[in-house]
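*Asks:* One structure is given below, represented as structure tokens, and several questions about it will come after.
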Amino acid sequence: MLFPTRFRASLLLAVTVPLFPALEQDASAQDASTIATKAAPETASPSEILVIASRVDMLDRASTASQGIITREEVELRPIYRASQLFESIPGLVVTVHSGEGKAQQYLIRGYNLDHGTDFASFVDEMPVNRPTNAHGQGYSDLNFLIPQVVAGLDYTKGPYYAGIGDFGSVASAHTRLLDEMPTKIISTVGTDGYQDVFVGGTYHLSGDQKLLGALDLSHYDGPWHPKQNFKKANALLRYSQGTANDGLSLTGMFYQSAGGLITDQPKRAVEAGLIGRFGTLDPTDHSESLRYSLSAHLDKPLGPGQLSLSFYGIQSSMQLVNNFTHYLDDPINGDQEAQHESRTTIGAAGSFTSLNSFGSVESETVVGVQGRYDTVFVTRQHTLNRTTILTYCNLRQNDGSVTAYATVNTYCNADRVHLLDLGPYVQNTMRWTPWLRTVAGVREELYHATDHSEVTGTGGEGDQLLFQPKGSLILGPLAKTELYFSAGRGFHSNDVRGVFGTVPAEGTSLAGGTTSMLVSTSGYEIGLRTNIIPNLSLQFAAFQQDFGSELIYNPDTGQDQAGAPSRRKGIEISGQYHPFKWLELNADLAFSKPRYHTRDLAAYGLNAPFIADAPNFIYSAGVLVSDLGPWTGSLIWRRLGTHHLNDGEDYPLDKGYSEFNLDIGYQLSERIKLGISVFNLLNSHDEAADYYYTSRLKGEPDEGVTGFQVHPLEPRSARFTVEVQI
């Protein structure tokens with residue numbers, strides 16, 4: 001039986017994975033390992049069904065070699081320093097930081113430095129997390145509102161091969177599913193470096209099959225930093241659900257608020273000269289504040305011969321980041337600190353209809369869907385001193401290195417009112433021609449419309465762009481428990497429309513001096529395989545190439561992205577999960593990439609060589625997962641971020657990356673009480689979590705500043721102790 005139920009339909013709505021056979025679990029069966037068991041083809045015998053601790057076996061249901069499902073079990077087993085590190089369960093992905101807890105983390109995969117989320121599309125309960133035309137970076141993806149304890153699992157994709165994936169999803173995407181039900185529990189955690197967290201959650205059963213899940217999470221973290229971050233965060237969730245898996249409704253409200261200090265990347269020379277310690281900062285007043293609340297709804301309903309899936313969401317968010325990137329380079333008197341602020345309202349909806357047909361022995365599944373999103377945002381930048389003083393002038397560095405000062409307008413260096421509309425209809429068809437041959441063919445048409453008005457310059461613009469995106473895959477197998485995949489497709493990311501319309505100098509603009517496109521297309525190709533031919537071992541392999549029409553380049557002077565030269569990545573990925581015993585999993589992920597600019601006119605972009613700054617050449621990880629070994633559970637995870645060039649267009653300097661081990665151990669003391677300890681940076685590595693190579697200026701240095709390393713260290717070894725009590 002090919003026809004999916006609620007989980008498959010909701011996945012198709014945004015991920016478009018049309019090869020998941022029937023997932024006939026009841027509405028409470030949210031654990032992905034349960035889904036895997038019930039997702040197996042009806043012709044399979046129990047011995048042919050493979051359910052692994054960390055990832056669902058995708059043989060005979062995936063459309064590419066590099067998509068997958070992370071189970072609830074791995075979510076519970078992994079040592080999690082911050083919520084976004086859940087996504088490091090995706091093979092080949094690194095999540096790191098170059099600032100404080102209140103800022104979106106940094107994502108790296110497939111030879112891409114995705115900055116704070118560009119080209120890594122993230123969804124929670126089908127709500128998009130990425131923020132286009134953001135105050136700090138295009139596609140900014142702040143996941144601090146996510147509560148790990150209510151995560152049911154992750155569904156991930158890589159490459160532009162999925163018709164249901166739109167803006168920011170061309171390199172990778174992750175859809176985070178939420179639980180409908182959980183036991184009532186209290187979880188209290190205390191740790192070194194001033195860490196405290198308390199979680200309270202549970203489910204109230206209403207009449208019939210109606211359920212109400214509630215969760216509250218409060219945390220505080222100082223960190224090893226000087227001064228202490230004093231980062232405070234409050235998260236809350238209330239989720240109503242009813243019905244069955246393919247005929248049900250859910251309604252979810254979420255709330256998040258945080259505030260605390262920021263320790264951005266600092267000049268390495270300041271640490272070496274003893275001006276600040278390794279965990280210190282030259283500007284202790286850098287700060288962050290965030291607020292987010294949302295409402296999302298899902299409806300899944302059989303309709304005639306098919307299945308209907310609908311989702312709706314509304315999000316209100318605001319953020320302020322106060323950063324000093326270059327210290328006294330542009331303003332030698334009061335410094336370069338700036339406050340980046342935005343207030344945003346996002347509303348959206350998505351719908352899909354899945355129909356199943358048979359033409360003799362050929363089975364066909366067709367998904368017709370549309371996704372729509374509308375953002376209205378007020379985004380500003382101010383020149384500040386010690387965070388509290390707003391200066392009446394701004395500084396702008398010109399291309400020749402000179403600095404121009406100009407007066408603020410209503411205290412703003414720039415202030416833009418932006419409206420964005422993104423509509424993406426798509427169609428995808430899966431044909432099972434024989435038991436060993438299937439094809440996936442899809443098309444997506446993007447309509448992007450934007451308006452921008454600057455309250456500082458009085459200028460603005462309005463425009464739209466269409467982008468046609470064909471996608472397809474050919475799958476051979478399963479033969480001898482092995483499948484071969486051939487995939488190709490076109491995707492895109494949007495650019496900051498302030499650069500498109502030229503309302504804000506140096507933000508989102510083209511480094512080549514030309515116009516900035518509203519949508520930047522990318523094309524990708526991938527071949528790969530999956531095999532379970534060796535008992536207890538699941539292997540995946542993918543070789544890919546992906547080209548971008550314009551690489552986004554981080555600008556430390558403004559904390560913004562700019563449109564750079566065309567680029568290309570080539571690489572291979574190898575993943576494996578081995579289960580010598582039912583209670584033990586050994587896994588490893590190896591990813592190698594060759595990131596290069598791909599243009600004959602490097603000089604037009606100010607480049608001397610094709611090397612891309614901060615783009616990793618390789619990413620490795622390995623893990624040991626222990627589950628239900630008597631009262632014991634736990635994991636040991638190693639992550640290695642590989643070498644990467646630091647200066648755009650230059651072979652040197654070359655950074656070595658970092659290596660880190662994290663450990664988690666759980667012990668079931670009684671039926672209702674569980675104890676846990678997590679140790680992070682187990683070997684106390686002194687590597688840098690992030691480093692860059694750009695120009696900044698300390699007091700007393702030459703007016704033109706000093707170009708050098710800017711570093712943000714890994715947190716030193718730390719421990720957290722947890723007590724979980726079920727009520």
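Going through the structure tokens in order, the chains are called A, B, and so on, while each chain numbers its residues from 1 and the ligands are numbered from 1 in the order shown.
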Please identify every residue of stretch 487-580 of chain A that has at least one atom no farther than 12 Å from an atom of stretch 460-469 of chain A, counting only C-alpha atoms, and for each give the shortest atom pair and the distance in Å to one decimal, arranged by chain then increasing number, as JSON lines.
*Replies:*
{"residue": "A:Ala488", "atom": "CA", "partner": "A:Gln469", "partner_atom": "CA", "distance": 10.6}
{"residue": "A:Gly489", "atom": "CA", "partner": "A:Gln469", "partner_atom": "CA", "distance": 7.1}
{"residue": "A:Arg490", "atom": "CA", "partner": "A:Gln469", "partner_atom": "CA", "distance": 5.0}
{"residue": "A:Gly491", "atom": "CA", "partner": "A:Gln469", "partner_atom": "CA", "distance": 6.1}
{"residue": "A:Phe492", "atom": "CA", "partner": "A:Leu467", "partner_atom": "CA", "distance": 8.4}
{"residue": "A:His493", "atom": "CA", "partner": "A:Leu467", "partner_atom": "CA", "distance": 10.7}
{"residue": "A:Ser494", "atom": "CA", "partner": "A:Gln465", "partner_atom": "CA", "distance": 10.2}
{"residue": "A:Asn495", "atom": "CA", "partner": "A:Gln465", "partner_atom": "CA", "distance": 11.7}
{"residue": "A:Val497", "atom": "CA", "partner": "A:Gly461", "partner_atom": "CA", "distance": 8.8}
{"residue": "A:Arg498", "atom": "CA", "partner": "A:Gly460", "partner_atom": "CA", "distance": 8.4}
{"residue": "A:Gly499", "atom": "CA", "partner": "A:Gly461", "partner_atom": "CA", "distance": 10.5}
{"residue": "A:Val500", "atom": "CA", "partner": "A:Gly461", "partner_atom": "CA", "distance": 8.5}
{"residue": "A:Phe501", "atom": "CA", "partner": "A:Gly461", "partner_atom": "CA", "distance": 5.4}
{"residue": "A:Gly502", "atom": "CA", "partner": "A:Gly460", "partner_atom": "CA", "distance": 7.8}
{"residue": "A:Thr503", "atom": "CA", "partner": "A:Gly460", "partner_atom": "CA", "distance": 6.0}
{"residue": "A:Val504", "atom": "CA", "partner": "A:Gly460", "partner_atom": "CA", "distance": 9.7}
{"residue": "A:Ser517", "atom": "CA", "partner": "A:Gln465", "partner_atom": "CA", "distance": 8.8}
{"residue": "A:Met518", "atom": "CA", "partner": "A:Gln465", "partner_atom": "CA", "distance": 6.8}
{"residue": "A:Leu519", "atom": "CA", "partner": "A:Gln465", "partner_atom": "CA", "distance": 7.1}
{"residue": "A:Val520", "atom": "CA", "partner": "A:Leu467", "partner_atom": "CA", "distance": 9.1}
{"residue": "A:Ser521", "atom": "CA", "partner": "A:Leu467", "partner_atom": "CA", "distance": 7.9}
{"residue": "A:Thr522", "atom": "CA", "partner": "A:Gln469", "partner_atom": "CA", "distance": 9.5}
{"residue": "A:Ser523", "atom": "CA", "partner": "A:Gln469", "partner_atom": "CA", "distance": 9.2}
{"residue": "A:Gly524", "atom": "CA", "partner": "A:Gln469", "partner_atom": "CA", "distance": 11.3}
*Asks:* So what do you get for atom CA of A:Ile527 versus atom CA of A:Ile619, distance-wise?
*Replies:* 19.5 Å
*Asks:* Would you list the contacts of stretch 716-722 of chain A as a ChimeraX atom specification, taking every protein, DNA or RNA residue within 12 Å and counting only C-alpha atoms, but skipping same-chain residues closer than 3 positions in sequence?
*Replies:* /A:79-81,186-199,221,223-225,278-279,660-668,673-689,712-713,725
*Asks:* Store the residues of this selection in a file with N, CA and C atoms, as a short mmCIF file (atom, residue, chain, number, x, y, z; two decimals), in the first residue's frame.
*Replies:*
data_model
loop_
_atom_site.label_atom_id
_atom_site.label_comp_id
_atom_site.auth_asym_id
_atom_site.auth_seq_id
_atom_site.Cartn_x
_atom_site.Cartn_y
_atom_site.Cartn_z
N PRO A 79 24.02 14.29 23.78
CA PRO A 79 24.35 15.40 24.68
C PRO A 79 24.10 16.73 23.97
N ILE A 80 23.23 17.56 24.53
CA ILE A 80 22.80 18.79 23.88
C ILE A 80 23.23 19.98 24.73
N TYR A 81 24.20 20.74 24.22
CA TYR A 81 24.68 21.93 24.91
C TYR A 81 23.70 23.08 24.74
N ILE A 186 8.97 16.51 35.60
CA ILE A 186 9.75 17.69 35.96
C ILE A 186 11.22 17.32 35.77
N ILE A 187 11.96 18.14 35.05
CA ILE A 187 13.38 17.90 34.81
C ILE A 187 14.16 19.11 35.31
N SER A 188 15.06 18.88 36.22
CA SER A 188 15.87 19.95 36.79
C SER A 188 17.33 19.69 36.47
N THR A 189 18.02 20.71 35.96
CA THR A 189 19.42 20.58 35.56
C THR A 189 20.23 21.72 36.14
N VAL A 190 21.38 21.39 36.73
CA VAL A 190 22.34 22.39 37.18
C VAL A 190 23.70 22.00 36.61
N GLY A 191 24.54 23.01 36.35
CA GLY A 191 25.83 22.71 35.75
C GLY A 191 26.88 23.73 36.12
N THR A 192 28.08 23.44 35.68
CA THR A 192 29.18 24.37 35.88
C THR A 192 28.95 25.63 35.04
N ASP A 193 29.76 26.64 35.26
CA ASP A 193 29.67 27.91 34.53
C ASP A 193 28.30 28.57 34.68
N GLY A 194 27.68 28.35 35.83
CA GLY A 194 26.44 29.06 36.13
C GLY A 194 25.27 28.65 35.29
N TYR A 195 25.07 27.34 35.08
CA TYR A 195 23.96 26.86 34.26
C TYR A 195 22.86 26.29 35.16
N GLN A 196 21.62 26.76 34.95
CA GLN A 196 20.44 26.20 35.62
C GLN A 196 19.30 26.12 34.62
N ASP A 197 18.53 25.03 34.72
CA ASP A 197 17.39 24.85 33.82
C ASP A 197 16.34 24.01 34.53
N VAL A 198 15.08 24.40 34.37
CA VAL A 198 13.99 23.58 34.88
C VAL A 198 12.93 23.46 33.80
N PHE A 199 12.49 22.23 33.58
CA PHE A 199 11.46 21.92 32.59
C PHE A 199 10.29 21.24 33.27
N TYR A 221 22.16 30.99 32.12
CA TYR A 221 23.52 30.53 31.82
C TYR A 221 24.47 31.73 31.80
N GLY A 223 28.10 31.05 31.59
CA GLY A 223 29.21 30.67 30.73
C GLY A 223 30.56 31.03 31.34
N PRO A 224 31.64 30.67 30.64
CA PRO A 224 32.99 30.95 31.15
C PRO A 224 33.44 32.38 30.85
N TRP A 225 32.54 33.21 30.33
CA TRP A 225 32.92 34.49 29.77
C TRP A 225 33.14 35.55 30.83
N ARG A 278 41.24 34.85 27.42
CA ARG A 278 40.76 34.02 26.31
C ARG A 278 39.24 34.07 26.19
N PHE A 279 38.55 34.23 27.31
CA PHE A 279 37.09 34.27 27.31
C PHE A 279 36.56 35.68 27.58
N GLU A 660 35.87 18.12 19.04
CA GLU A 660 35.22 18.16 20.35
C GLU A 660 34.53 16.83 20.64
N PHE A 661 34.64 16.36 21.87
CA PHE A 661 33.94 15.17 22.36
C PHE A 661 32.91 15.60 23.39
N ASN A 662 31.69 15.05 23.28
CA ASN A 662 30.63 15.30 24.25
C ASN A 662 30.07 13.97 24.73
N LEU A 663 29.75 13.90 26.02
CA LEU A 663 29.34 12.66 26.67
C LEU A 663 28.03 12.85 27.40
N ASP A 664 27.16 11.83 27.32
CA ASP A 664 25.91 11.86 28.06
C ASP A 664 25.67 10.48 28.67
N ILE A 665 25.35 10.42 29.96
CA ILE A 665 25.08 9.16 30.66
C ILE A 665 23.78 9.31 31.44
N GLY A 666 22.88 8.34 31.26
CA GLY A 666 21.63 8.33 32.01
C GLY A 666 21.47 7.04 32.80
N TYR A 667 20.86 7.13 33.97
CA TYR A 667 20.63 5.96 34.83
C TYR A 667 19.20 6.02 35.37
N GLN A 668 18.42 4.96 35.09
CA GLN A 668 17.04 4.89 35.56
C GLN A 668 17.05 4.38 36.99
N ILE A 673 12.10 7.91 38.42
CA ILE A 673 13.23 8.83 38.61
C ILE A 673 14.39 8.41 37.73
N LYS A 674 14.91 9.36 36.97
CA LYS A 674 16.07 9.13 36.12
C LYS A 674 17.11 10.19 36.42
N LEU A 675 18.36 9.76 36.52
CA LEU A 675 19.49 10.65 36.76
C LEU A 675 20.34 10.75 35.50
N GLY A 676 20.96 11.89 35.30
CA GLY A 676 21.80 12.05 34.12
C GLY A 676 22.95 13.00 34.37
N ILE A 677 24.03 12.79 33.62
CA ILE A 677 25.16 13.70 33.62
C ILE A 677 25.64 13.88 32.18
N SER A 678 25.91 15.10 31.81
CA SER A 678 26.46 15.42 30.49
C SER A 678 27.77 16.15 30.68
N VAL A 679 28.77 15.75 29.91
CA VAL A 679 30.07 16.41 29.95
C VAL A 679 30.37 16.90 28.54
N PHE A 680 30.63 18.19 28.42
CA PHE A 680 30.88 18.80 27.12
C PHE A 680 32.34 19.19 27.00
N ASN A 681 32.88 19.07 25.78
CA ASN A 681 34.30 19.28 25.53
C ASN A 681 35.11 18.43 26.51
N LEU A 682 34.84 17.14 26.44
CA LEU A 682 35.36 16.17 27.40
C LEU A 682 36.88 16.25 27.55
N LEU A 683 37.60 16.46 26.45
CA LEU A 683 39.07 16.50 26.49
C LEU A 683 39.59 17.92 26.67
N ASN A 684 38.70 18.86 26.94
CA ASN A 684 39.07 20.26 27.20
C ASN A 684 39.90 20.85 26.07
N SER A 685 39.39 20.69 24.84
CA SER A 685 40.06 21.24 23.67
C SER A 685 40.15 22.76 23.76
N HIS A 686 41.30 23.31 23.33
CA HIS A 686 41.49 24.76 23.30
C HIS A 686 41.31 25.31 21.88
N ASP A 687 40.61 24.57 21.03
CA ASP A 687 40.35 25.05 19.67
C ASP A 687 39.36 26.22 19.70
N GLU A 688 39.24 26.85 18.54
CA GLU A 688 38.29 27.95 18.39
C GLU A 688 36.97 27.41 17.84
N ALA A 689 35.86 27.82 18.43
CA ALA A 689 34.55 27.46 17.90
C ALA A 689 34.31 28.13 16.56
N HIS A 712 36.65 33.15 18.46
CA HIS A 712 35.68 32.86 19.52
C HIS A 712 35.95 31.43 19.98
N PRO A 713 36.40 31.24 21.22
CA PRO A 713 36.86 29.90 21.65
C PRO A 713 35.72 28.95 21.96
N VAL A 725 11.91 13.53 37.07
CA VAL A 725 10.91 12.86 37.90
C VAL A 725 9.59 12.84 37.15
#
*Asks:* Give me, as JSON, numbers by chain, the residues of stretch 172-325 of chain A that a backbone DSSP run labels helix (DSSP H, G or I).
*Replies:* {"A": [268, 269, 270, 271, 272]}
*Asks:* Put those residues in a file: N, CA and C atoms, as a compact mmCIF listing (two decimals), in the first residue's frame.
*Replies:*
# COMPACT_ATOMS: atom_id res chain seq x y z
N LYS A 268 42.55 38.22 18.04
CA LYS A 268 43.47 37.31 18.71
C LYS A 268 44.65 38.06 19.31
N ARG A 269 45.07 39.13 18.65
CA ARG A 269 46.21 39.90 19.15
C ARG A 269 45.90 40.55 20.49
N ALA A 270 44.60 40.86 20.75
CA ALA A 270 44.22 41.43 22.04
C ALA A 270 44.39 40.41 23.16
N VAL A 271 44.10 39.15 22.85
CA VAL A 271 44.30 38.08 23.85
C VAL A 271 45.78 37.86 24.07
N GLU A 272 46.56 37.80 23.00
CA GLU A 272 48.00 37.55 23.11
C GLU A 272 48.72 38.69 23.83
*Asks:* Pick the closest to A:Asp217 from A:Val150, A:Ile276, A:Ala604, A:Ala163: which is it, counting only C-alpha atoms?
*Replies:*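 Looking only at the distances to A:Asp217, the closest residue turns out to be A:Val150.
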*Asks:* Which one of A:Pro148, A:Gly314, A:Gly649, A:Gly630 sits closest to A:Thr345 if you count only C-alpha atoms?
*Replies:*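 When distances to A:Thr345 are compared using only C-alpha atoms, the smallest one comes from A:Gly314.
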*Asks:* I'd like the contact shell of stretch 412-421 of chain A - 6 Å cut-off, only C-alpha atoms, skipping same-chain residues fewer than 3 positions apart - returned as an MDAnalysis selection string.
*Replies:* chainID A and resid 373:382 394 408:409 448:456
*Asks:* Env of A:Leu484: 8 Å cut, atoms = only C-alpha atoms, seq-sep filter 2 positions within chain, self excluded. Answer as a list in words.
*Replies:*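 In the requested form, the answer reads Ala65, Ile475, Leu476, Gly477, Thr482, Phe486, Ile527, Gly528, Leu529 and Arg530 of chain A.
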*Asks:* Export, as a PDB file, in the first residue's frame, the selected residues with N, CA and C atoms.
*Replies:*
ATOM      1  N   ALA A  65      19.712  10.009  -2.173  1.00  0.00           N
ATOM      2  CA  ALA A  65      20.646   9.284  -1.315  1.00  0.00           C
ATOM      3  C   ALA A  65      20.940  10.004  -0.013  1.00  0.00           C
ATOM      4  N   ILE A 475      15.574   6.082  -9.290  1.00  0.00           N
ATOM      5  CA  ILE A 475      16.005   5.168  -8.239  1.00  0.00           C
ATOM      6  C   ILE A 475      15.939   3.740  -8.767  1.00  0.00           C
ATOM      7  N   LEU A 476      17.040   3.031  -8.655  1.00  0.00           N
ATOM      8  CA  LEU A 476      17.128   1.627  -9.028  1.00  0.00           C
ATOM      9  C   LEU A 476      17.242   0.793  -7.763  1.00  0.00           C
ATOM     10  N   GLY A 477      16.295  -0.113  -7.575  1.00  0.00           N
ATOM     11  CA  GLY A 477      16.320  -0.967  -6.407  1.00  0.00           C
ATOM     12  C   GLY A 477      14.999  -0.881  -5.656  1.00  0.00           C
ATOM     13  N   THR A 482      19.909  -3.056  -1.672  1.00  0.00           N
ATOM     14  CA  THR A 482      20.708  -1.905  -2.092  1.00  0.00           C
ATOM     15  C   THR A 482      19.914  -1.087  -3.098  1.00  0.00           C
ATOM     16  N   PHE A 486      19.952   8.691  -8.650  1.00  0.00           N
ATOM     17  CA  PHE A 486      20.474   9.722  -9.542  1.00  0.00           C
ATOM     18  C   PHE A 486      19.513  10.905  -9.444  1.00  0.00           C
ATOM     19  N   ILE A 527      24.628  11.624  -7.127  1.00  0.00           N
ATOM     20  CA  ILE A 527      24.469  10.182  -7.286  1.00  0.00           C
ATOM     21  C   ILE A 527      24.807   9.539  -5.953  1.00  0.00           C
ATOM     22  N   GLY A 528      24.184   8.409  -5.673  1.00  0.00           N
ATOM     23  CA  GLY A 528      24.465   7.785  -4.386  1.00  0.00           C
ATOM     24  C   GLY A 528      23.833   6.429  -4.258  1.00  0.00           C
ATOM     25  N   LEU A 529      24.045   5.833  -3.101  1.00  0.00           N
ATOM     26  CA  LEU A 529      23.463   4.526  -2.827  1.00  0.00           C
ATOM     27  C   LEU A 529      23.217   4.358  -1.346  1.00  0.00           C
ATOM     28  N   ARG A 530      22.317   3.442  -1.050  1.00  0.00           N
ATOM     29  CA  ARG A 530      22.072   2.946   0.299  1.00  0.00           C
ATOM     30  C   ARG A 530      22.152   1.439   0.234  1.00  0.00           C
TER      31      ARG A 530
END
*Asks:* Run DSSP on the backbone and give me the residues of stretch 315-548 of chain A it puts in strand (DSSP E or B), as a ChimeraX atom specification.
*Replies:* /A:315-323,327,338-359,362-385,389-390,393-397,403-407,409,412,414-434,437-454,460-479,482-494,510,519-531,537-548
*Asks:* So, with only C-alpha atoms as the atoms that count, which of A:Glu338, A:Glu445, A:Trp436, A:Ala480 lies closest to A:Tyr393?
*Replies:*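 Closest to A:Tyr393 of all the choices is A:Glu338.
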*Asks:* With only C-alpha atoms as the basis for distance, which of A:His645, A:Arg639, A:His220, A:Arg432 is at the shortest distance from A:Lys594?
*Replies:*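 Going through A:His645, A:Arg639, A:His220, A:Arg432 one by one, the smallest distance to A:Lys594 is for A:His645.
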*Asks:* Taking only C-alpha atoms into account, which of A:Ala236, A:Val403, A:Leu303, A:Val711 comes nearest A:Leu329?
*Replies:*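 When distances to A:Leu329 are compared using only C-alpha atoms, the smallest one comes from A:Val403.
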*Asks:* With distances taken over only C-alpha atoms, which residue among A:Glu573, A:Asp691, A:Glu585, A:Asp125 lies nearest A:Leu93?
*Replies:*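 For A:Leu93, the nearest of the candidates is A:Glu573.
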*Asks:* Could you give me, as a short mmCIF file (atom, residue, chain, number, x, y, z; two decimals) with C-alpha atoms, in the first residue's frame, the residues within 12 Å of A:Leu262, counting only C-alpha atoms and dropping anything in the same chain fewer than 4 positions from it?
*Replies:*
data_model
loop_
_atom_site.label_atom_id
_atom_site.label_comp_id
_atom_site.auth_asym_id
_atom_site.auth_seq_id
_atom_site.Cartn_x
_atom_site.Cartn_y
_atom_site.Cartn_z
CA VAL A 97 28.77 29.85 17.58
CA HIS A 98 30.81 32.99 17.11
CA SER A 99 28.88 35.07 19.62
CA GLY A 100 26.61 34.57 22.63
CA GLU A 101 23.67 32.30 23.37
CA GLY A 102 21.10 34.89 22.34
CA LYS A 103 22.20 34.99 18.71
CA ALA A 104 21.35 32.41 16.05
CA TYR A 221 23.52 30.53 31.82
CA ASP A 222 26.58 32.63 32.64
CA GLY A 223 29.21 30.67 30.73
CA TRP A 225 32.92 34.49 29.77
CA HIS A 226 34.19 37.70 31.33
CA PRO A 227 31.91 39.42 32.05
CA LYS A 228 29.33 36.70 32.60
CA GLN A 229 26.58 36.49 29.98
CA ASN A 230 23.74 36.32 32.50
CA PHE A 231 21.65 34.84 29.69
CA GLN A 266 37.62 39.03 19.40
CA PHE A 279 37.09 34.27 27.31
CA GLY A 280 36.99 38.05 27.54
CA THR A 281 35.70 40.86 25.34
CA LEU A 282 36.84 44.34 24.39
CA ASP A 283 33.26 45.62 24.62
CA PRO A 284 31.46 44.14 27.66
CA THR A 285 28.23 45.99 26.82
CA ASP A 286 27.38 43.88 23.73
CA HIS A 287 23.95 42.39 24.31
CA SER A 288 20.97 40.52 22.82
CA GLU A 289 17.22 40.54 23.36
CA GLN A 320 17.98 43.39 19.03
CA LEU A 321 21.66 42.55 18.71
CA VAL A 322 24.21 45.02 20.02
CA ASN A 323 27.63 44.16 18.57
CA ASN A 324 31.01 45.76 18.14
CA PHE A 325 32.68 43.90 15.29
CA ARG A 387 24.65 49.97 24.54
CA HIS A 712 35.68 32.86 19.52
#
*Asks:* Which distance in Å separates atom CA of A:Pro160 and atom CA of A:Tyr658, to one decimal?
*Replies:*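 The value is 28.7 Å.
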*Asks:* How far is it from atom CA of A:Leu654 to atom CA of A:Gln562, in Å with one decimal?
*Replies:* 22.3 Å
*Asks:* Using only C-alpha atoms, which protein or nucleic acid residues come within 7 Å of A:Val171? Drop anything in the same chain fewer than 3 positions from it, and give the result as a VMD selection string.
*Replies:* chain A and resid 119 to 120 158 to 160
*Asks:* Could you save those same residues with C-alpha atoms as a PDB file, in the first residue's frame?
*Replies:*
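Written out: part_26.pdb:
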ATOM      1  CA  ASP A 119      20.613  27.992   2.489  1.00  0.00           C
ATOM      2  CA  PHE A 120      19.692  25.846   5.512  1.00  0.00           C
ATOM      3  CA  LYS A 158      20.174  17.917   1.232  1.00  0.00           C
ATOM      4  CA  GLY A 159      20.366  19.521  -2.186  1.00  0.00           C
ATOM      5  CA  PRO A 160      17.751  21.245  -4.406  1.00  0.00           C
TER       6      PRO A 160
END
